[in-house]
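Below is upload_6.cif, holding mmCIF, C-alpha atoms.
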data_entry
#
loop_
_atom_site.label_atom_id
_atom_site.label_comp_id
_atom_site.auth_asym_id
_atom_site.auth_seq_id
_atom_site.Cartn_x
_atom_site.Cartn_y
_atom_site.Cartn_z
CA MET A 184 0.00 0.00 0.00
CA ARG A 185 2.94 2.39 0.53
CA ALA A 186 4.38 1.91 -2.96
CA ARG A 187 1.93 4.35 -4.61
CA PRO A 188 2.66 7.31 -2.20
CA LEU A 189 6.41 6.74 -2.58
CA ALA A 190 6.17 6.68 -6.36
CA THR A 191 4.06 9.84 -6.34
CA ALA A 192 6.61 11.61 -4.16
CA ALA A 193 9.44 10.58 -6.49
CA VAL A 194 7.58 11.93 -9.51
CA LEU A 195 6.92 15.24 -7.75
CA ALA A 196 10.57 15.57 -6.77
CA LEU A 197 11.74 14.86 -10.31
CA THR A 198 9.25 17.35 -11.77
CA THR A 199 10.38 20.08 -9.33
CA ALA A 200 14.04 19.53 -10.23
CA LEU A 201 13.33 19.72 -13.96
CA LEU A 202 11.33 22.94 -13.58
CA ALA A 203 14.10 24.55 -11.51
CA ALA A 204 16.72 23.61 -14.10
CA ALA A 205 14.63 25.06 -16.91
CA ALA A 206 14.08 28.32 -15.04
CA ALA A 207 17.77 28.83 -14.17
CA PRO A 208 19.50 31.35 -16.52
CA ALA A 209 22.47 30.19 -18.50
CA CYS A 210 25.83 31.31 -17.09
CA PRO A 211 28.28 31.94 -19.91
CA SER A 212 31.92 31.62 -19.06
CA ALA A 213 34.11 34.68 -18.52
CA ALA A 214 35.94 33.80 -21.72
CA THR A 215 32.77 34.25 -23.79
CA THR A 216 31.66 37.48 -22.11
CA ARG A 217 35.06 39.23 -22.38
CA LEU A 218 35.25 40.22 -26.02
CA ALA A 219 38.55 40.90 -27.71
CA GLY A 220 39.27 44.60 -27.82
CA ASN A 221 36.90 45.43 -24.94
CA THR A 222 39.27 44.45 -22.15
CA GLU A 223 40.67 46.96 -19.65
CA VAL A 224 44.40 46.34 -19.33
CA PRO A 225 45.69 47.47 -15.91
CA VAL A 226 48.47 50.04 -15.75
CA ARG A 227 51.23 49.00 -13.34
CA GLY A 228 53.24 52.23 -13.21
CA GLY A 229 55.34 54.41 -15.45
CA SER A 230 56.16 58.07 -15.86
CA ALA A 231 55.23 61.16 -17.82
CA ARG A 232 57.16 64.30 -18.70
CA PHE A 233 55.19 67.54 -19.00
CA ASN A 234 56.71 70.62 -20.64
CA ALA A 235 55.23 74.08 -21.19
CA PRO A 236 55.78 75.49 -24.70
CA PRO A 237 58.40 78.26 -25.09
CA ALA A 238 55.82 80.87 -26.16
CA LEU A 239 53.77 80.32 -23.00
CA LEU A 240 56.87 80.42 -20.80
CA ALA A 241 57.90 83.72 -22.38
CA ALA A 242 54.43 85.17 -21.75
CA LEU A 243 54.56 84.04 -18.11
CA ARG A 244 57.99 85.55 -17.54
CA ALA A 245 56.95 88.82 -19.17
CA ARG A 246 54.15 89.11 -16.60
CA GLY A 247 56.35 88.17 -13.65
CA VAL A 248 55.04 84.62 -13.25
CA ALA A 249 57.50 81.89 -12.23
CA VAL A 250 57.06 78.11 -12.31
CA ALA A 251 58.00 75.72 -9.50
CA GLU A 252 57.39 72.04 -8.88
CA ILE A 253 55.19 70.71 -6.06
CA ASP A 254 56.22 67.44 -4.39
CA THR A 255 53.90 64.61 -3.34
CA HIS A 256 53.58 66.18 0.14
CA GLY A 257 52.26 69.43 -1.31
CA GLN A 258 55.43 71.43 -0.72
CA ILE A 259 56.42 74.00 -3.34
CA SER A 260 60.08 73.85 -4.34
CA PRO A 261 62.07 77.00 -3.46
CA HIS A 262 63.81 76.71 -6.82
CA TYR A 263 62.08 77.87 -9.97
CA SER A 264 61.58 75.38 -12.76
CA THR A 265 62.36 75.71 -16.45
CA GLY A 266 58.73 74.90 -17.20
CA GLY A 267 58.76 71.12 -17.07
CA MET A 268 57.92 68.44 -14.55
CA SER A 269 58.03 64.66 -14.33
CA LEU A 270 55.17 62.75 -12.74
CA GLY A 271 54.91 59.09 -11.87
CA ILE A 272 51.89 57.07 -12.96
CA ARG A 273 50.30 55.37 -9.96
CA SER A 274 47.37 53.53 -11.55
CA GLY A 275 44.96 53.34 -14.45
CA ALA A 276 43.80 51.18 -17.32
CA VAL A 277 44.07 51.15 -21.10
CA THR A 278 41.40 50.04 -23.59
CA ASN A 279 40.80 50.01 -27.33
CA SER A 280 38.15 52.69 -27.82
CA GLY A 281 37.09 52.73 -31.45
CA GLY A 282 40.60 52.02 -32.67
CA LYS A 283 42.09 54.76 -30.50
CA VAL A 284 43.62 54.74 -27.04
CA GLY A 285 41.02 54.70 -24.27
CA GLY A 286 41.03 54.31 -20.51
CA GLU A 287 42.50 56.47 -17.77
CA LEU A 288 45.85 57.39 -16.23
CA ARG A 289 46.11 58.62 -12.65
CA PHE A 290 49.34 60.41 -11.84
CA THR A 291 51.08 60.90 -8.50
CA ARG A 292 49.83 63.74 -6.29
CA ALA A 293 52.72 66.02 -7.17
CA GLY A 294 52.20 68.95 -9.51
CA ILE A 295 53.25 72.42 -10.52
CA ALA A 296 52.90 75.90 -9.01
CA LEU A 297 52.58 79.14 -10.95
CA ILE A 298 53.74 82.05 -8.81
CA ASN A 299 53.04 85.71 -9.54
CA ILE A 300 56.18 87.22 -8.05
CA LYS A 301 54.71 90.74 -7.98
CA THR A 302 51.37 89.98 -6.30
CA LYS A 303 52.42 86.77 -4.47
CA LYS A 304 49.39 85.00 -5.92
CA VAL A 305 49.87 81.27 -6.51
CA ALA A 306 48.05 78.75 -8.71
CA ARG A 307 48.69 75.24 -7.42
CA VAL A 308 47.89 72.56 -10.00
CA THR A 309 47.98 69.00 -8.66
CA GLY A 310 46.24 65.63 -8.90
CA PHE A 311 46.55 65.16 -12.65
CA VAL A 312 44.28 62.60 -14.30
CA GLY A 313 44.30 61.78 -18.01
CA ASN A 314 41.00 60.57 -19.46
CA LEU A 315 42.27 58.73 -22.51
CA SER A 316 38.77 57.92 -23.77
CA GLN A 317 37.72 61.58 -23.81
CA GLY A 318 41.09 63.11 -24.64
CA THR A 319 41.14 65.36 -21.56
CA LEU A 320 43.58 66.22 -18.78
CA SER A 321 42.05 67.28 -15.47
CA ALA A 322 43.62 68.52 -12.23
CA VAL A 323 42.81 70.19 -8.93
CA LEU A 324 43.40 73.95 -8.79
CA ASN A 325 44.37 75.44 -5.42
CA ARG A 326 43.02 72.41 -3.54
CA GLY A 327 39.50 73.13 -4.77
CA ALA A 328 37.28 71.44 -7.32
CA ARG A 329 38.68 69.37 -10.16
CA ILE A 330 38.71 71.16 -13.52
CA THR A 331 39.41 70.07 -17.09
CA LEU A 332 42.73 71.72 -17.82
CA GLY A 333 43.03 70.83 -21.47
CA THR A 334 42.30 68.50 -24.34
CA PHE A 335 44.46 66.41 -26.63
CA THR A 336 44.09 64.35 -29.79
CA ARG A 337 43.69 60.66 -28.98
CA PRO A 338 46.29 58.55 -30.80
CA ARG A 339 45.64 55.29 -32.64
CA ILE A 340 45.89 52.27 -30.36
CA ASN A 341 48.11 50.33 -32.81
CA ALA A 342 50.60 53.20 -32.91
CA SER A 343 50.75 53.56 -29.13
CA ILE A 344 51.20 50.05 -27.72
CA ASP A 345 54.60 48.37 -27.52
CA THR A 346 53.67 44.73 -26.96
CA GLU A 347 57.29 43.60 -26.50
CA ALA A 348 57.80 46.01 -23.60
CA ALA A 349 54.14 45.83 -22.44
CA ALA A 350 53.91 49.61 -22.52
CA LEU A 351 51.71 52.48 -23.64
CA ARG A 352 53.70 55.28 -25.27
CA MET A 353 52.16 58.66 -26.06
CA ASN A 354 53.68 61.91 -27.27
CA THR A 355 51.06 64.65 -27.59
CA GLY A 356 50.26 68.32 -27.12
CA ILE A 357 47.56 69.65 -24.79
CA THR A 358 45.53 72.80 -25.44
CA VAL A 359 44.00 74.71 -22.54
CA THR A 360 40.22 74.91 -22.23
CA ALA A 361 38.53 78.32 -22.04
CA ALA A 362 37.25 77.58 -18.53
CA ALA A 363 40.70 76.55 -17.27
CA ALA A 364 42.32 79.60 -18.89
CA ALA A 365 39.86 81.87 -17.07
CA ARG A 366 40.46 80.10 -13.75
CA LEU A 367 44.25 80.26 -14.07
CA ASN A 368 44.21 83.93 -15.08
CA ALA A 369 41.94 84.76 -12.13
CA ALA A 370 44.11 82.82 -9.68
CA LEU A 371 47.25 84.65 -10.84
CA GLY A 372 45.77 88.03 -11.67
CA THR A 373 47.17 87.85 -15.21
CA THR A 374 46.05 87.39 -18.81
CA CYS A 375 48.66 84.79 -19.78
CA PHE A 376 46.27 82.01 -20.75
CA ARG A 377 43.74 81.91 -23.57
CA GLY A 378 41.31 79.14 -24.44
CA GLY A 379 42.52 76.90 -27.23
CA GLY A 380 46.15 77.94 -26.80
CA PRO A 381 49.01 75.49 -26.20
CA LEU A 382 49.36 74.54 -22.54
CA LEU A 383 51.63 71.53 -22.23
CA HIS A 384 53.35 68.82 -24.17
CA VAL A 385 53.37 65.40 -22.54
CA ARG A 386 55.43 62.32 -23.20
CA ILE A 387 54.00 59.22 -21.52
CA ASP A 388 55.57 55.82 -20.90
CA ALA A 389 53.06 53.67 -18.99
CA SER A 390 53.82 50.08 -17.95
CA LEU A 391 50.99 47.61 -18.66
CA ASP A 392 50.20 44.32 -16.94
CA PRO A 393 52.72 41.90 -18.53
CA SER A 394 50.49 38.89 -17.89
CA VAL A 395 47.88 40.16 -20.39
CA ASP A 396 47.89 39.04 -24.03
CA LEU A 397 47.89 42.60 -25.39
CA PRO A 398 47.21 41.89 -29.10
CA THR A 399 44.09 39.93 -28.14
CA ALA A 400 42.90 42.12 -25.27
CA LEU A 401 43.32 45.35 -27.25
CA ASN A 402 42.49 43.89 -30.66
CA LEU A 403 45.75 45.12 -32.13
CA GLY A 404 46.02 42.76 -35.06
CA HIS A 405 49.37 41.88 -36.60
CA GLY A 406 52.54 43.96 -36.76
CA ALA A 407 51.86 46.10 -33.68
CA HIS A 408 54.63 44.86 -31.39
CA ARG A 409 56.91 47.87 -31.95
CA ALA A 410 54.33 50.35 -33.19
CA GLY A 411 54.46 52.52 -30.10
CA HIS A 412 58.22 52.86 -30.33
CA GLU A 413 58.17 53.69 -34.02
CA ASP A 414 55.38 56.25 -33.67
CA GLN A 415 57.23 57.98 -30.86
CA GLU A 416 60.37 58.21 -32.97
CA ALA A 417 58.36 59.58 -35.88
CA HIS A 418 57.02 62.43 -33.74
CA GLY A 419 60.46 63.11 -32.32
CA ALA A 420 61.36 64.81 -29.06
CA TRP A 421 59.42 67.97 -28.35
CA ALA A 422 61.46 71.13 -27.90
#
I need this file expressed as structure tokens, please.
Amino acid sequence: MRARPLATAAVLALTTALLAAAAAPACPSAATTRLAGNTEVPVRGGSARFNAPPALLAALRARGVAVAEIDTHGQISPHYSTGGMSLGIRSGAVTNSGGKVGGELRFTRAGIALINIKTKKVARVTGFVGNLSQGTLSAVLNRGARITLGTFTRPRINASIDTEAAALRMNTGITVTAAAAARLNAALGTTCFRGGGPLLHVRIDASLDPSVDLPTALNLGHGAHRAGHEDQEAHGAWA
């Protein structure tokens, strides 16, 4: 007499298991969801050299404005700079964004100070961040809100990645935005900056995660292993 209830229970259990399996969503593997060319490659360090163009430096000097570096502790150097500074790269990521370099670079907290020697006004520019996907360079002015300092032309990804060295190499000019020019002029009490004018030239050498297959992750195709090096040589050193 107990065989029928036991059989009924077994059928119910089997039916419940089948319904649960049918309702469960499929879970594709990480390999199928991470498409080639859409991967963020971590940045493991590196450095960047920023230089102000000679015409801007001459305009600053003519108005009594000197340039000095700021260290990672926020201290302004007592020695005036020639208009350049080197910053370390502390973190970030690189992507292939429509065939051009995308991602973000976050630099060390050092920066540069513009000092109006006559009025003693100072513009402290620190906390640089490069938005590679938007082609913008932002920073914090006088420990206040972050502003977009300037814009740059995004380079081709194939011309910027050295797969042998696992590195991103960029060599580009930055033009100041109208808003940043107004903020810098107000902070210094000068008229040195104008929107759309040259602000900086930057040479970047960022180290990428060496464990990543860069040609696949960034969809580089063939013949890209020394492209970054060759493109940098083609542009030459900025003077």
Practice item. Please indicate the distance in Å from CA of Asn368 in chain A to CA of Ala242 in chain A, rounded to one decimal place. Key: 12.3 Å
Check your understanding: Using all atoms listed in the file, which of A:Arg227, A:Arg386, A:Arg307, A:Arg377 sits nearest Gly257 in chain A?
Key -> A:Arg307
Review point. Using only C-alpha atoms, which residues sit within 6 Å of range 320-334 of chain A once same-chain residues fewer than 5 positions away are excluded, as a list in words?
Key: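 The filter keeps Ala306, Arg307, Val308, Thr309, Gly310, Phe311, Val312, Gly313, Ile357, Thr358, Val359, Thr360 and Ala363 of chain A.
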Save the residues we just selected, C-alpha atoms, as a CSV table (one decimal), in the frame of the given file?
chain,number,residue,atom,x,y,z
A,306,ALA,CA,48.0,78.8,-8.7
A,307,ARG,CA,48.7,75.2,-7.4
A,308,VAL,CA,47.9,72.6,-10.0
A,309,THR,CA,48.0,69.0,-8.7
A,310,GLY,CA,46.2,65.6,-8.9
A,311,PHE,CA,46.6,65.2,-12.6
A,312,VAL,CA,44.3,62.6,-14.3
A,313,GLY,CA,44.3,61.8,-18.0
A,357,ILE,CA,47.6,69.6,-24.8
A,358,THR,CA,45.5,72.8,-25.4
A,359,VAL,CA,44.0,74.7,-22.5
A,360,THR,CA,40.2,74.9,-22.2
A,363,ALA,CA,40.7,76.6,-17.3
Point to revise | Interatomic distance, CA of Gly266 in chain A to CA of Ala362 in chain A (Å, one decimal) | key: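 Separation of CA of Gly266 in chain A and CA of Ala362 in chain A: 21.7 Å.
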Review point. Given the choices A:Arg339, A:His384, A:Arg366, A:Arg289, which gets closest to Val305 in chain A if the distance is worked out from only C-alpha atoms?
Key: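 Of A:Arg339, A:His384, A:Arg366, A:Arg289, the one nearest Val305 in chain A, counting only C-alpha atoms, is A:Arg366.
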Exercise for review: Quote the spacing between CA of Asp254 in chain A and CA of Ala296 in chain A in Å to one decimal place.
Suggested key: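 Separation of CA of Asp254 in chain A and CA of Ala296 in chain A: 10.2 Å.
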Would you mind listing, for every residue of range 250-333 of chain A within 10 Å of range 228-237 of chain A, the two atoms forming the shortest contact and the distance between them in Å to one decimal, using all atoms listed in the file, sorted by chain and ascending residue number, as JSON lines?
{"residue": "A:Val250", "atom": "CA", "partner": "A:Ala235", "partner_atom": "CA", "distance": 9.9}
{"residue": "A:Thr265", "atom": "CA", "partner": "A:Asn234", "partner_atom": "CA", "distance": 8.7}
{"residue": "A:Gly266", "atom": "CA", "partner": "A:Ala235", "partner_atom": "CA", "distance": 5.4}
{"residue": "A:Gly267", "atom": "CA", "partner": "A:Asn234", "partner_atom": "CA", "distance": 4.1}
{"residue": "A:Met268", "atom": "CA", "partner": "A:Phe233", "partner_atom": "CA", "distance": 5.3}
{"residue": "A:Ser269", "atom": "CA", "partner": "A:Arg232", "partner_atom": "CA", "distance": 4.5}
{"residue": "A:Leu270", "atom": "CA", "partner": "A:Ala231", "partner_atom": "CA", "distance": 5.3}
{"residue": "A:Gly271", "atom": "CA", "partner": "A:Ser230", "partner_atom": "CA", "distance": 4.3}
{"residue": "A:Ile272", "atom": "CA", "partner": "A:Gly229", "partner_atom": "CA", "distance": 5.0}
{"residue": "A:Arg273", "atom": "CA", "partner": "A:Gly228", "partner_atom": "CA", "distance": 5.4}
{"residue": "A:Ser274", "atom": "CA", "partner": "A:Gly228", "partner_atom": "CA", "distance": 6.2}
{"residue": "A:Gly275", "atom": "CA", "partner": "A:Gly228", "partner_atom": "CA", "distance": 8.4}
{"residue": "A:Leu288", "atom": "CA", "partner": "A:Gly228", "partner_atom": "CA", "distance": 9.5}
{"residue": "A:Arg289", "atom": "CA", "partner": "A:Gly228", "partner_atom": "CA", "distance": 9.6}
{"residue": "A:Phe290", "atom": "CA", "partner": "A:Ser230", "partner_atom": "CA", "distance": 8.3}
{"residue": "A:Thr291", "atom": "CA", "partner": "A:Ser230", "partner_atom": "CA", "distance": 9.4}
{"residue": "A:Ile295", "atom": "CA", "partner": "A:Phe233", "partner_atom": "CA", "distance": 10.0}
List every residue of range 245-281 of chain A that has an atom at most 12 Å from any atom of range 393-403 of chain A, giving for each one its closest atom pair and the distance in Å to one decimal, counting only C-alpha atoms, sorted by chain and then by ascending residue number, as a tab-separated table.
residue	atom	partner	partner_atom	distance
A:Ala276	CA	A:Leu401	CA	11.5
A:Val277	CA	A:Leu401	CA	8.5
A:Thr278	CA	A:Leu401	CA	6.3
A:Asn279	CA	A:Leu401	CA	5.3
A:Ser280	CA	A:Leu401	CA	9.0
A:Gly281	CA	A:Asn402	CA	10.4
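Each of A:Leu297, A:Ala238, A:Leu383, A:Val284 was checked against Ser316 in chain A using only C-alpha atoms; the smallest atom-to-atom distance is that of A:Val284.
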Review point. Exactly which residues make up the result of the PyMOL selection byres ((chain A and resi 338) around 9) on this file, given as a list in words?
Key: Gly282, Lys283, Val284, Thr336, Arg337, Arg339, Ile340, Asn341, Ala342, Ser343, Met353, Asn354 and Thr355 of chain A
Exercise for review: Starting from the shown file, work through the PyMOL selection byres ((chain A and resi 298) around 12) and note down what comes out as a ChimeraX atom specification.
Suggested key: /A:243-244,246-253,259-264,295-297,299-308,325,367-368,370-373
